[in-house]
Amino acid sequence: MADIELVIKIDDKTYKQAINRTEFDTLSLGIKLIEAVQNGTSLPKGHGDLIDRDKLVYDCSLGDGGCDHICRCDGCSYNIIRETTINKATPIIEADKENKNEKRNC
């Protein structure tokens, strides 16, 4: 049987009860967890690393004059992020094994 990677959202109290097994009403806890799974988002097979885009650093220092000499964006409306910065980002969830060894062709 294949594994399914799933992102679920549960409140902090339910998480702690499940991890610490402190809920006396296991039926109630089970129902909460089943509902979280039913409302979860499954990750597609072969997905790449999932990163936090809010932690990426925008960089318009592409040579003299910033990025304007390349894209003529007159400021930074494109919010440039270097590919090396993206590639070095720490994944929240690692790539699916089916996709992990594939390389991007630029």
# chains A, B, ... in the order shown; residues from 1 in each chain; ligands from 1
>>> residues_around(residues="segment 2-8 of chain A", least_positions_apart="4", cutoff="6 Å", atoms="only C-alpha atoms", output="PDB file with N, CA and C atoms, in the first residue's frame")
ATOM      1  N   ALA A  36      -9.774  16.168  10.938  1.00  0.00           N
ATOM      2  CA  ALA A  36      -8.584  16.860  10.439  1.00  0.00           C
ATOM      3  C   ALA A  36      -8.050  16.158   9.191  1.00  0.00           C
ATOM      4  N   GLY A  40      -7.821  17.535   5.387  1.00  0.00           N
ATOM      5  CA  GLY A  40      -6.411  17.763   5.077  1.00  0.00           C
ATOM      6  C   GLY A  40      -6.157  17.923   3.588  1.00  0.00           C
ATOM      7  N   THR A  41      -4.946  18.323   3.281  1.00  0.00           N
ATOM      8  CA  THR A  41      -4.510  18.476   1.892  1.00  0.00           C
ATOM      9  C   THR A  41      -3.447  17.426   1.611  1.00  0.00           C
ATOM     10  N   SER A  42      -3.711  16.548   0.659  1.00  0.00           N
ATOM     11  CA  SER A  42      -2.707  15.542   0.329  1.00  0.00           C
ATOM     12  C   SER A  42      -1.702  16.153  -0.644  1.00  0.00           C
ATOM     13  N   LEU A  43      -0.450  15.819  -0.429  1.00  0.00           N
ATOM     14  CA  LEU A  43       0.619  16.319  -1.292  1.00  0.00           C
ATOM     15  C   LEU A  43       0.732  15.409  -2.509  1.00  0.00           C
TER      16      LEU A  43
END
>>> atom_distance(atom1="atom CA of Thr90 of chain A", atom2="atom CA of Lys45 of chain A")
20.3 Å
>>> atom_distance(atom1="atom CA of Lys13 of chain A", atom2="atom CA of Asp49 of chain A")
28.5 Å
>>> closest_residue(among="A:Ile10, A:Ile81, A:Leu56, A:Ile86", to="Gln38 of chain A", atoms="only C-alpha atoms")
A:Ile10
>>> residues_around(residues="Ile34 of chain A", least_positions_apart="5", cutoff="12 Å", atoms="only C-alpha atoms", output="JSON, numbers by chain")
{"A": [8, 9, 10, 14, 26, 27, 28, 29, 39, 40]}
>>> atom_distance(atom1="atom CA of Leu50 of chain A", atom2="atom CA of Ile93 of chain A")
5.2 Å
>>> closest_residue(among="A:Glu83, A:Asp25, A:Glu94, A:Asp12", to="Gly48 of chain A", atoms="only C-alpha atoms")
A:Glu94
